[in-house]
>>> print(open('input_39.txt').read())   # compact mmCIF, C-alpha atoms
# COMPACT_ATOMS: atom_id res chain seq x y z
CA MET A 29 0.00 0.00 0.00
CA LYS A 30 1.29 3.43 -0.90
CA ARG A 31 1.39 6.05 1.80
CA THR A 32 0.78 9.77 1.34
CA PHE A 33 3.29 12.38 2.48
CA LEU A 34 3.60 16.10 2.00
CA GLY A 35 6.10 17.24 -0.60
CA LYS A 36 7.17 20.64 -1.90
CA VAL A 37 7.49 21.97 -5.41
CA ALA A 38 9.36 25.24 -5.99
CA MET A 39 10.57 26.35 -9.40
CA ALA A 40 12.07 29.83 -9.70
CA GLY A 41 9.03 31.53 -8.31
CA MET A 42 6.71 29.26 -10.28
CA ILE A 43 3.67 27.93 -8.45
CA LEU A 44 2.90 24.55 -9.93
CA SER A 45 -0.10 22.45 -8.97
CA PHE A 46 -0.19 19.06 -10.60
CA SER A 47 -1.73 15.63 -11.02
CA LEU A 48 0.14 12.48 -10.07
CA CYS A 49 -0.85 9.56 -12.31
CA SER A 50 -4.63 9.80 -12.67
CA ASN A 51 -5.37 11.58 -9.39
CA VAL A 52 -5.52 15.36 -9.59
CA VAL A 53 -3.68 16.99 -6.71
CA SER A 54 -4.57 20.55 -5.77
CA ALA A 55 -2.71 23.03 -3.62
CA THR A 56 -3.86 23.38 -0.03
CA ASN A 57 -1.03 25.26 1.57
CA ILE A 58 1.49 27.69 0.14
CA GLU A 59 4.56 28.88 1.98
CA ARG A 60 7.26 31.23 0.79
CA GLU A 61 10.95 31.24 1.50
CA ALA A 62 13.19 34.25 0.90
CA ALA A 63 16.82 33.64 -0.03
CA PRO A 64 19.75 36.03 0.32
CA GLY A 65 20.38 37.66 -3.01
CA ALA A 66 17.35 36.05 -4.62
CA SER A 67 13.66 36.79 -4.90
CA GLY A 68 11.21 34.84 -2.76
CA ALA A 69 10.67 31.31 -4.06
CA ALA A 70 7.16 29.95 -4.02
CA THR A 71 6.87 26.49 -2.50
CA LEU A 72 3.75 24.44 -2.93
CA MET A 73 2.72 21.84 -0.36
CA LEU A 74 0.96 18.87 -1.94
CA PRO A 75 0.48 15.15 -1.33
CA ILE A 76 2.86 12.85 -3.16
CA SER A 77 2.47 9.08 -3.11
CA SER A 78 5.78 7.53 -2.14
CA ASP A 79 7.43 5.08 0.19
CA ASN A 80 9.84 7.83 1.14
CA PRO A 81 8.66 11.32 2.09
CA LYS A 82 11.78 12.89 0.64
CA GLU A 83 12.26 11.15 -2.69
CA GLN A 84 10.89 8.55 -5.04
CA THR A 85 13.54 7.17 -7.36
CA SER A 86 12.24 3.63 -8.00
CA MET A 87 12.13 4.23 -11.75
CA LYS A 88 11.46 1.60 -14.35
CA ARG A 89 14.88 0.55 -15.57
CA TYR A 90 15.93 2.40 -18.68
CA ASP A 91 19.61 3.19 -18.77
CA LYS A 92 20.93 3.03 -22.31
CA ILE A 93 23.55 5.65 -21.41
CA SER A 94 25.37 3.00 -19.35
CA GLY A 95 25.80 0.99 -22.54
CA ILE A 96 28.58 3.35 -23.62
CA PRO A 97 31.55 2.78 -21.27
CA GLY A 98 32.51 5.92 -19.38
CA LEU A 99 29.63 8.03 -20.74
CA LYS A 100 28.03 8.70 -17.35
CA GLU A 101 31.36 9.97 -16.06
CA GLN A 102 31.82 12.08 -19.19
CA ILE A 103 28.40 13.72 -18.73
CA ARG A 104 29.37 14.61 -15.18
CA LYS A 105 32.68 16.05 -16.42
CA TRP A 106 30.92 18.16 -19.06
CA HIS A 107 28.62 19.49 -16.34
CA GLU A 108 31.46 20.33 -13.97
CA ASP A 109 33.60 21.92 -16.68
CA LEU A 110 30.74 24.14 -17.80
CA HIS A 111 29.87 25.03 -14.21
CA ARG A 112 33.39 26.39 -13.71
CA ILE A 113 33.24 28.78 -16.68
CA PRO A 114 29.84 30.53 -16.52
CA GLU A 115 29.08 33.34 -18.96
CA THR A 116 26.00 35.56 -19.10
CA ALA A 117 23.63 36.18 -21.99
CA LEU A 118 25.26 36.58 -25.43
CA GLN A 119 28.70 36.66 -23.81
CA GLU A 120 29.03 32.86 -23.85
CA VAL A 121 32.03 32.77 -26.19
CA ASN A 122 34.11 30.22 -24.27
CA THR A 123 31.06 28.16 -23.35
CA SER A 124 29.98 28.01 -26.99
CA ARG A 125 33.48 27.04 -28.10
CA TYR A 126 33.62 24.26 -25.49
CA ILE A 127 30.27 22.80 -26.62
CA ALA A 128 31.19 23.02 -30.31
CA GLN A 129 34.50 21.23 -29.74
CA ALA A 130 32.76 18.41 -27.86
CA LEU A 131 30.23 17.96 -30.69
CA LYS A 132 32.90 18.05 -33.40
CA GLY A 133 34.84 15.43 -31.49
CA MET A 134 31.79 13.16 -31.66
CA GLY A 135 31.51 13.61 -35.44
CA TYR A 136 28.52 15.94 -35.71
CA GLU A 137 27.96 18.47 -38.46
CA VAL A 138 28.34 21.57 -36.29
CA HIS A 139 27.06 25.05 -37.15
CA GLU A 140 28.27 27.90 -34.91
CA GLY A 141 27.40 31.57 -34.49
CA ILE A 142 23.63 31.16 -34.87
CA GLY A 143 22.03 33.98 -32.90
CA LYS A 144 25.57 35.18 -32.04
CA THR A 145 26.75 32.32 -29.80
CA GLY A 146 24.20 29.59 -30.52
CA ILE A 147 25.04 26.18 -32.00
CA VAL A 148 23.13 23.59 -34.03
CA ALA A 149 24.56 20.09 -34.44
CA VAL A 150 23.04 17.84 -37.12
CA LEU A 151 23.07 14.07 -37.54
CA LYS A 152 21.29 12.37 -40.45
CA VAL A 153 20.84 8.61 -40.28
CA GLY A 154 19.20 6.33 -42.85
CA ASN A 155 16.47 7.36 -45.26
CA GLY A 156 13.89 8.54 -42.71
CA LYS A 157 12.03 11.71 -43.70
CA LYS A 158 11.14 12.86 -40.20
CA SER A 159 13.23 15.36 -38.23
CA ILE A 160 13.29 16.46 -34.61
CA GLY A 161 14.89 19.30 -32.64
CA LEU A 162 16.12 19.07 -29.04
CA ARG A 163 17.06 22.30 -27.28
CA ALA A 164 19.30 23.03 -24.28
CA ASP A 165 20.26 26.49 -23.00
CA PHE A 166 23.73 27.38 -21.72
CA ASP A 167 23.86 30.95 -20.35
CA ALA A 168 24.56 31.71 -16.69
CA LEU A 169 23.33 34.32 -14.21
CA PRO A 170 25.00 37.46 -12.77
CA ILE A 171 24.80 36.07 -9.22
CA GLN A 172 27.61 35.15 -6.83
CA GLU A 173 27.60 31.43 -6.06
CA VAL A 174 28.06 30.63 -2.35
CA ASN A 175 28.36 26.86 -2.67
CA ASP A 176 31.63 25.19 -1.70
CA LEU A 177 31.72 22.74 -4.61
CA PRO A 178 34.94 21.24 -5.96
CA TYR A 179 33.78 22.53 -9.35
CA LYS A 180 32.32 25.86 -8.18
CA SER A 181 32.23 28.90 -10.46
CA GLU A 182 35.65 30.39 -11.14
CA ARG A 183 34.15 33.76 -12.12
CA ALA A 184 33.19 36.27 -9.46
CA GLY A 185 29.59 37.43 -9.63
CA CYS A 186 28.60 34.88 -12.27
CA ALA A 187 27.32 31.34 -11.84
CA HIS A 188 25.15 28.58 -13.27
CA LEU A 189 22.35 28.87 -10.69
CA CYS A 190 19.54 27.88 -13.03
CA GLY A 191 21.08 24.58 -14.14
CA HIS A 192 21.68 25.45 -17.78
CA ASP A 193 25.09 23.76 -17.53
CA SER A 194 23.28 20.54 -16.62
CA HIS A 195 20.82 20.91 -19.51
CA THR A 196 23.75 21.15 -21.91
CA ALA A 197 25.55 18.19 -20.29
CA MET A 198 22.42 16.03 -20.60
CA LEU A 199 22.03 16.87 -24.28
CA LEU A 200 25.73 16.27 -24.93
CA GLY A 201 25.36 12.88 -23.27
CA ALA A 202 22.42 12.00 -25.49
CA ALA A 203 24.36 13.30 -28.50
CA LYS A 204 27.28 11.01 -27.74
CA TYR A 205 25.05 7.95 -27.32
CA LEU A 206 23.01 8.64 -30.46
CA MET A 207 26.16 9.16 -32.55
CA GLU A 208 27.64 5.89 -31.28
CA THR A 209 24.51 3.77 -31.80
CA LYS A 210 22.61 5.52 -34.67
CA ASP A 211 19.54 3.44 -33.83
CA PHE A 212 17.10 5.69 -35.69
CA SER A 213 16.28 6.86 -39.19
CA GLY A 214 15.83 10.56 -39.90
CA THR A 215 17.41 13.89 -38.97
CA LEU A 216 18.42 14.94 -35.47
CA ASN A 217 18.96 18.65 -34.77
CA LEU A 218 20.61 19.51 -31.44
CA ILE A 219 20.01 23.17 -30.53
CA PHE A 220 22.32 24.75 -27.97
CA GLN A 221 20.83 28.14 -27.18
CA PRO A 222 22.37 31.22 -25.53
CA ALA A 223 20.68 34.06 -23.61
CA GLU A 224 17.61 32.36 -22.21
CA GLU A 225 17.75 34.45 -19.05
CA THR A 226 17.27 37.70 -20.99
CA MET A 227 14.63 36.21 -23.32
CA GLU A 228 16.87 37.02 -26.31
CA GLY A 229 18.58 33.83 -27.39
CA GLY A 230 15.71 31.80 -28.80
CA ASP A 231 14.39 34.67 -30.87
CA ALA A 232 17.93 35.55 -32.03
CA MET A 233 18.48 32.02 -33.33
CA ILE A 234 15.09 32.07 -35.09
CA ARG A 235 15.86 35.41 -36.76
CA ASP A 236 19.20 33.92 -37.84
CA GLY A 237 17.33 31.27 -39.83
CA LEU A 238 17.18 28.40 -37.31
CA PHE A 239 14.14 26.68 -38.76
CA GLU A 240 14.83 27.56 -42.40
CA ARG A 241 18.41 26.29 -42.28
CA PHE A 242 17.59 23.27 -40.12
CA PRO A 243 14.07 22.03 -40.95
CA MET A 244 12.42 20.04 -38.17
CA ASP A 245 8.95 18.64 -37.65
CA ALA A 246 8.85 19.29 -33.89
CA VAL A 247 11.05 20.76 -31.16
CA TYR A 248 11.35 19.82 -27.48
CA GLY A 249 12.97 21.40 -24.43
CA MET A 250 13.63 20.20 -20.87
CA HIS A 251 14.48 22.07 -17.63
CA ASN A 252 15.46 20.82 -14.19
CA GLY A 253 12.75 21.21 -11.54
CA PRO A 254 13.82 22.08 -7.99
CA SER A 255 11.72 20.38 -5.29
CA LEU A 256 10.18 18.03 -7.86
CA PRO A 257 11.27 14.55 -6.74
CA VAL A 258 14.19 12.98 -8.58
CA GLY A 259 12.87 10.54 -11.18
CA LYS A 260 9.69 12.52 -11.87
CA PHE A 261 8.86 14.33 -15.12
CA LEU A 262 6.36 17.22 -15.13
CA PHE A 263 4.31 18.08 -18.23
CA GLY A 264 1.62 20.58 -19.13
CA LYS A 265 -0.61 21.25 -22.12
CA GLY A 266 -1.44 24.60 -23.68
CA ASN A 267 -0.30 27.78 -21.96
CA MET A 268 2.36 26.46 -19.59
CA MET A 269 4.43 29.54 -18.67
CA ALA A 270 3.92 33.31 -18.67
CA SER A 271 5.40 35.97 -20.88
CA VAL A 272 7.84 38.31 -19.12
CA ASP A 273 8.91 41.88 -19.82
CA ASN A 274 11.87 43.10 -17.77
CA TRP A 275 11.92 46.90 -17.81
CA GLU A 276 14.13 49.58 -16.32
CA ILE A 277 12.59 52.98 -15.47
CA VAL A 278 14.75 55.95 -14.47
CA PHE A 279 13.21 58.90 -12.62
CA THR A 280 15.34 62.02 -12.93
CA GLY A 281 14.82 65.01 -10.65
CA LYS A 282 17.18 67.58 -9.18
CA GLY A 283 19.77 66.64 -6.61
CA GLY A 284 20.36 68.64 -3.47
CA HIS A 285 21.18 68.69 0.23
CA GLY A 286 19.02 66.57 2.48
CA SER A 287 18.42 69.56 4.74
CA ALA A 288 16.80 71.61 1.95
CA PRO A 289 14.35 69.40 0.01
CA GLU A 290 12.51 72.52 -1.16
CA ASN A 291 15.49 73.30 -3.38
CA ALA A 292 15.54 69.85 -4.95
CA ILE A 293 13.21 67.57 -6.89
CA ASP A 294 13.30 64.22 -5.14
CA PRO A 295 13.22 61.20 -7.52
CA VAL A 296 13.04 58.82 -4.54
CA VAL A 297 9.62 60.17 -3.57
CA ALA A 298 8.46 60.03 -7.19
CA GLY A 299 9.72 56.46 -7.56
CA SER A 300 8.10 55.42 -4.29
CA SER A 301 4.77 56.85 -5.38
CA PHE A 302 5.16 55.02 -8.69
CA VAL A 303 5.70 51.69 -6.88
CA MET A 304 2.52 52.16 -4.88
CA ALA A 305 0.50 53.22 -7.93
CA LEU A 306 1.64 50.07 -9.76
CA GLN A 307 -0.25 47.98 -7.21
CA THR A 308 -3.55 49.10 -8.73
CA ILE A 309 -2.78 47.61 -12.16
CA VAL A 310 -3.52 44.01 -11.23
CA SER A 311 -6.00 44.68 -8.43
CA ARG A 312 -8.21 47.04 -10.44
CA ASN A 313 -7.56 46.25 -14.10
CA VAL A 314 -7.00 42.50 -14.40
CA SER A 315 -9.80 39.99 -13.90
CA PRO A 316 -9.36 37.66 -10.91
CA LEU A 317 -9.81 34.85 -13.45
CA ASP A 318 -6.78 36.06 -15.42
CA LYS A 319 -3.14 35.93 -14.33
CA CYS A 320 -0.70 38.84 -14.06
CA VAL A 321 2.25 39.81 -11.86
CA VAL A 322 3.96 43.21 -11.68
CA THR A 323 7.07 43.12 -9.49
CA VAL A 324 9.57 45.86 -8.67
CA GLY A 325 12.71 43.86 -7.97
CA ALA A 326 15.20 46.71 -7.63
CA PHE A 327 15.04 50.36 -6.51
CA ASN A 328 18.43 52.08 -6.59
CA ALA A 329 19.00 55.71 -5.66
CA GLY A 330 21.66 57.67 -3.80
CA ASN A 331 24.46 56.69 -1.47
CA ALA A 332 24.21 59.06 1.50
CA ALA A 333 21.52 59.91 4.04
CA ASN A 334 22.01 63.68 3.69
CA VAL A 335 21.92 63.84 -0.12
CA ILE A 336 18.87 63.94 -2.34
CA PRO A 337 20.00 62.03 -5.43
CA GLU A 338 19.65 63.23 -9.01
CA SER A 339 17.97 60.02 -10.16
CA ALA A 340 16.35 56.77 -9.07
CA THR A 341 16.42 53.56 -11.11
CA LEU A 342 13.73 50.89 -10.78
CA ARG A 343 13.72 47.45 -12.43
CA LEU A 344 10.43 45.70 -13.09
CA SER A 345 9.36 42.18 -13.98
CA ILE A 346 5.95 42.12 -15.68
CA ARG A 347 4.34 38.72 -16.34
CA ASN A 348 1.15 37.82 -18.17
CA MET A 349 -0.65 34.79 -19.59
CA LYS A 350 -2.68 36.52 -22.34
CA PRO A 351 -1.39 38.80 -25.14
CA GLU A 352 -4.29 41.24 -24.73
CA THR A 353 -3.72 41.48 -20.97
CA ARG A 354 -0.02 42.03 -21.56
CA GLU A 355 -0.62 44.95 -23.92
CA MET A 356 -3.04 46.58 -21.47
CA VAL A 357 -0.72 46.12 -18.50
CA LEU A 358 2.35 47.46 -20.31
CA GLU A 359 0.45 50.56 -21.40
CA LYS A 360 -0.71 51.07 -17.82
CA VAL A 361 2.92 50.90 -16.61
CA ARG A 362 3.97 53.47 -19.22
CA HIS A 363 1.07 55.79 -18.31
CA ILE A 364 1.65 55.56 -14.56
CA ALA A 365 5.40 56.17 -14.95
CA ARG A 366 4.83 59.30 -17.06
CA THR A 367 2.05 60.77 -14.92
CA GLN A 368 3.71 60.02 -11.58
CA ALA A 369 6.93 61.62 -12.79
CA GLU A 370 5.07 64.68 -14.04
CA SER A 371 3.15 65.10 -10.78
CA PHE A 372 6.46 65.35 -8.88
CA GLY A 373 8.24 67.51 -11.44
CA CYS A 374 10.50 64.65 -12.57
CA LYS A 375 11.19 63.01 -15.88
CA ALA A 376 10.66 59.27 -16.46
CA GLU A 377 12.78 57.37 -18.98
CA ILE A 378 11.49 53.89 -19.79
CA HIS A 379 13.86 51.22 -21.12
CA GLU A 380 11.83 48.32 -22.50
CA SER A 381 13.54 44.96 -22.85
CA HIS A 382 13.19 42.30 -25.50
CA PRO A 383 9.47 41.41 -25.36
CA GLY A 384 8.53 38.08 -23.86
CA ALA A 385 6.02 35.47 -25.01
CA VAL A 386 3.67 32.97 -23.39
CA LEU A 387 5.03 29.44 -23.63
CA THR A 388 2.29 27.33 -25.24
CA ASN A 389 2.83 23.59 -25.51
CA ASN A 390 1.24 21.74 -28.41
CA ASP A 391 -1.33 19.29 -26.99
CA GLU A 392 -0.50 16.45 -29.39
CA CYS A 393 3.26 16.81 -28.87
CA THR A 394 2.78 16.93 -25.09
CA ASP A 395 0.63 13.78 -25.12
CA TYR A 396 3.31 12.13 -27.22
CA VAL A 397 6.32 13.01 -25.05
CA MET A 398 4.34 12.10 -21.91
CA ASP A 399 3.65 8.69 -23.45
CA VAL A 400 7.35 8.23 -24.23
CA ALA A 401 8.24 9.14 -20.64
CA ALA A 402 5.60 6.78 -19.23
CA ARG A 403 6.74 3.86 -21.40
CA THR A 404 10.37 4.61 -20.59
CA PHE A 405 10.33 5.40 -16.87
CA GLY A 406 6.90 4.19 -15.74
CA SER A 407 3.57 6.06 -15.62
CA GLU A 408 4.00 6.61 -11.87
CA ASN A 409 6.81 9.03 -12.72
CA VAL A 410 4.74 11.15 -15.10
CA ILE A 411 3.11 14.23 -13.55
CA VAL A 412 0.63 16.60 -15.21
CA ALA A 413 0.42 20.28 -14.22
CA ASP A 414 -3.03 21.49 -13.16
CA HIS A 415 -2.48 25.10 -14.18
CA PRO A 416 0.24 27.26 -15.76
CA SER A 417 3.21 28.83 -14.02
CA MET A 418 4.02 32.53 -13.86
CA GLY A 419 7.65 31.65 -14.51
CA SER A 420 8.94 32.43 -18.01
CA GLU A 421 11.06 30.77 -20.67
CA ASP A 422 12.12 31.96 -24.12
CA PHE A 423 11.64 28.49 -25.60
CA ALA A 424 8.21 30.07 -26.10
CA PHE A 425 9.50 31.70 -29.29
CA MET A 426 10.48 28.33 -30.77
CA LEU A 427 7.05 26.92 -29.92
CA GLN A 428 5.48 29.83 -31.81
CA GLN A 429 7.26 28.55 -34.93
CA LYS A 430 7.09 24.77 -34.51
CA PRO A 431 4.91 22.27 -32.66
CA GLY A 432 6.57 20.87 -29.60
CA SER A 433 6.58 20.70 -25.82
CA TYR A 434 8.58 21.92 -22.82
CA PHE A 435 8.77 19.83 -19.66
CA PHE A 436 10.65 19.41 -16.38
CA ILE A 437 12.84 16.76 -14.77
CA GLY A 438 12.88 16.59 -10.96
CA ASN A 439 15.98 17.95 -9.22
CA GLY A 440 14.98 16.71 -5.76
CA VAL A 441 12.65 17.82 -2.98
CA ASP A 442 15.47 19.42 -0.96
CA SER A 443 16.82 21.45 -3.87
CA LYS A 444 17.16 25.20 -3.48
CA SER A 445 15.06 27.18 -5.93
CA LEU A 446 16.38 28.31 -9.28
CA HIS A 447 18.41 31.56 -9.10
CA HIS A 448 19.20 30.95 -5.42
CA PRO A 449 22.91 31.52 -4.63
CA GLU A 450 23.03 28.03 -3.08
CA TYR A 451 21.26 26.23 -5.92
CA VAL A 452 23.01 23.01 -7.02
CA THR A 453 22.00 20.64 -9.81
CA ASN A 454 21.60 17.12 -8.46
CA GLN A 455 24.07 15.19 -10.62
CA GLU A 456 21.96 12.05 -10.21
CA ILE A 457 19.55 13.49 -12.79
CA LEU A 458 22.19 13.98 -15.52
CA PRO A 459 21.99 10.45 -16.99
CA MET A 460 18.21 10.45 -16.48
CA GLY A 461 17.86 13.54 -18.64
CA ALA A 462 20.19 12.09 -21.26
CA ASN A 463 18.20 8.84 -21.28
CA MET A 464 14.96 10.80 -21.73
CA TRP A 465 16.37 12.51 -24.83
CA VAL A 466 17.61 9.18 -26.22
CA ALA A 467 14.21 7.55 -25.70
CA LEU A 468 12.44 10.46 -27.41
CA VAL A 469 14.73 10.49 -30.45
CA GLU A 470 14.74 6.73 -30.96
CA ASP A 471 10.96 6.59 -30.70
CA TYR A 472 10.23 9.67 -32.81
CA LEU A 473 12.69 8.67 -35.55
CA LYS A 474 12.18 4.94 -35.40
CA GLU A 475 12.31 3.13 -38.72
>>> encode(input="input_39.txt", output="structure tokens")
Amino acid sequence: MKRTFLGKVAMAGMILSFSLCSNVVSATNIEREAAPGASGAATLMLPISSDNPKEQTSMKRYDKISGIPGLKEQIRKWHEDLHRIPETALQEVNTSRYIAQALKGMGYEVHEGIGKTGIVAVLKVGNGKKSIGLRADFDALPIQEVNDLPYKSERAGCAHLCGHDSHTAMLLGAAKYLMETKDFSGTLNLIFQPAEETMEGGDAMIRDGLFERFPMDAVYGMHNGPSLPVGKFLFGKGNMMASVDNWEIVFTGKGGHGSAPENAIDPVVAGSSFVMALQTIVSRNVSPLDKCVVTVGAFNAGNAANVIPESATLRLSIRNMKPETREMVLEKVRHIARTQAESFGCKAEIHESHPGAVLTNNDECTDYVMDVAARTFGSENVIVADHPSMGSEDFAFMLQQKPGSYFFIGNGVDSKSLHHPEYVTNQEILPMGANMWVALVEDYLKE
């Protein structure tokens, strides 16, 4: 008899409710943890059937990766090497070179410089007409890692704290196995994408001719899932993740002495009023049945208590699930910034980032990859999300162009959240992820 325990799911601020096997599990309790140097991570308490309250790793045996001597160790080495040399969005020159060299060493047809630092590796086997794309990201974050790992980041203020190094290592592992065995017929396209964190890389590769130069019938992506038990795979149909717009707004006033505010124009007061006015956007303009988040994650102004600064800089994260809601919300932010600045005698300069997009999984492709996972690892390890997450992912742009699906592999119930300075990828999942990619390719491109 299976027993029921409480487990947590936290994924970079994403709140994920899900079904386990055929029983829909809904959230009953939500608690939040705040981490030093990171935004609060949402953790969801939900019942998970398991013989162990912490993990469930009794997966149906599927370990083709072990059939290549030394491959598991090589995947771990790729992960550790990449973890040591993190590079942020569109600066991943050494990372890109490392990945390309590994793929060339395997014998792939390697195309570099797609979307600046992106890579596509191609392998054609047999006479099969079908083609598939698998995508892994490889950019890092501008956060100082505080872990004491033997392979910790060697670059101050930069680290792989979202697990993109592990995504790349998993795909390299699958690449090595598939090149060695060639047990499929068709075309395999391995997409190594830069700049996911800034929502630029996927779109940059598309604009550089990704799908015209490398035709594919469908494209799939996989991300590690903190607090999702190791051995579990999480899937969702339709709108799975929110769009995100990361903006910077600068309020400029007139600096002065703190003792004489009447001779200055205080941008701190204007910015503070702006933050409060933003709270009305969701509460009074967005239906409770819709989803929207407007967060001010940074407010920087001045350096001394007795000085009124010349300017104040605010950084916003704006997330939506519907295009029409997004357009309304963004216009409200623009309007409030301009009018609040004017009311205080300041100027507001708005710097809009690369626009985000809602990640929408194709239903048929999601059913298919779920079936592959169930047949490969057992249906008890397949989880279905009840509702979308307000987290964001620029794989959304690829799914606008091609049918496909984006899913998660459990990183462990005790894992720190993504973007936490103490986040660590559980290396136990590296061969699991590689095996998932192998199973998908061999099934999709079977003769």
>>> residues_around(input="input_39.txt", residues="Met460 (chain A)", least_positions_apart="2", cutoff="9 Å", atoms="only C-alpha atoms", output="list in words")
Tyr90, Asp91, Ile93, Met198, Gly259, Ile437, Glu456, Ile457, Leu458, Ala462, Asn463, Met464 and Trp465 of chain A
>>> atom_distance(input="input_39.txt", atom1="CA of Gly98 (chain A)", atom2="CA of Gln129 (chain A)")
18.6 Å
>>> atom_distance(input="input_39.txt", atom1="CA of Pro431 (chain A)", atom2="CA of Ile160 (chain A)")
10.4 Å
>>> residues_near_point(input="input_39.txt", point="(18.3, 19.5, -14.4)", cutoff="12 Å", atoms="all atoms listed in the file", output="number ranges by chain")
A: 39, 107, 164-165, 188-199, 249-261, 435-440, 443, 445-446, 451-462, 464
>>> atom_distance(input="input_39.txt", atom1="CA of Asn274 (chain A)", atom2="CA of Ala329 (chain A)")
18.9 Å
>>> closest_residue(input="input_39.txt", among="A:Thr226, A:Ser213, A:Ser381, A:Gln221", to="Gly154 (chain A)", atoms="only C-alpha atoms")
A:Ser213
>>> residues_around(input="input_39.txt", residues="region 180-186 of chain A", least_positions_apart="3", cutoff="10 Å", atoms="all atoms listed in the file", output="short mmCIF file (atom, residue, chain, number, x, y, z; two decimals) with C-alpha atoms, keeping the file's coordinate frame")
data_model
loop_
_atom_site.label_atom_id
_atom_site.label_comp_id
_atom_site.auth_asym_id
_atom_site.auth_seq_id
_atom_site.Cartn_x
_atom_site.Cartn_y
_atom_site.Cartn_z
CA GLU A 108 31.46 20.33 -13.97
CA ASP A 109 33.60 21.92 -16.68
CA LEU A 110 30.74 24.14 -17.80
CA HIS A 111 29.87 25.03 -14.21
CA ARG A 112 33.39 26.39 -13.71
CA ILE A 113 33.24 28.78 -16.68
CA PRO A 114 29.84 30.53 -16.52
CA GLU A 115 29.08 33.34 -18.96
CA THR A 116 26.00 35.56 -19.10
CA ALA A 168 24.56 31.71 -16.69
CA LEU A 169 23.33 34.32 -14.21
CA PRO A 170 25.00 37.46 -12.77
CA ILE A 171 24.80 36.07 -9.22
CA GLN A 172 27.61 35.15 -6.83
CA GLU A 173 27.60 31.43 -6.06
CA VAL A 174 28.06 30.63 -2.35
CA ASN A 175 28.36 26.86 -2.67
CA ASP A 176 31.63 25.19 -1.70
CA LEU A 177 31.72 22.74 -4.61
CA LEU A 189 22.35 28.87 -10.69
CA VAL A 452 23.01 23.01 -7.02
#
>>> closest_residue(input="input_39.txt", among="A:Ser315, A:Ser339, A:Thr353, A:Asn122", to="Gly283 (chain A)", atoms="only C-alpha atoms")
A:Ser339
>>> closest_residue(input="input_39.txt", among="A:Asn334, A:Thr394, A:Thr215, A:Asn409", to="Gly432 (chain A)", atoms="only C-alpha atoms")
A:Thr394
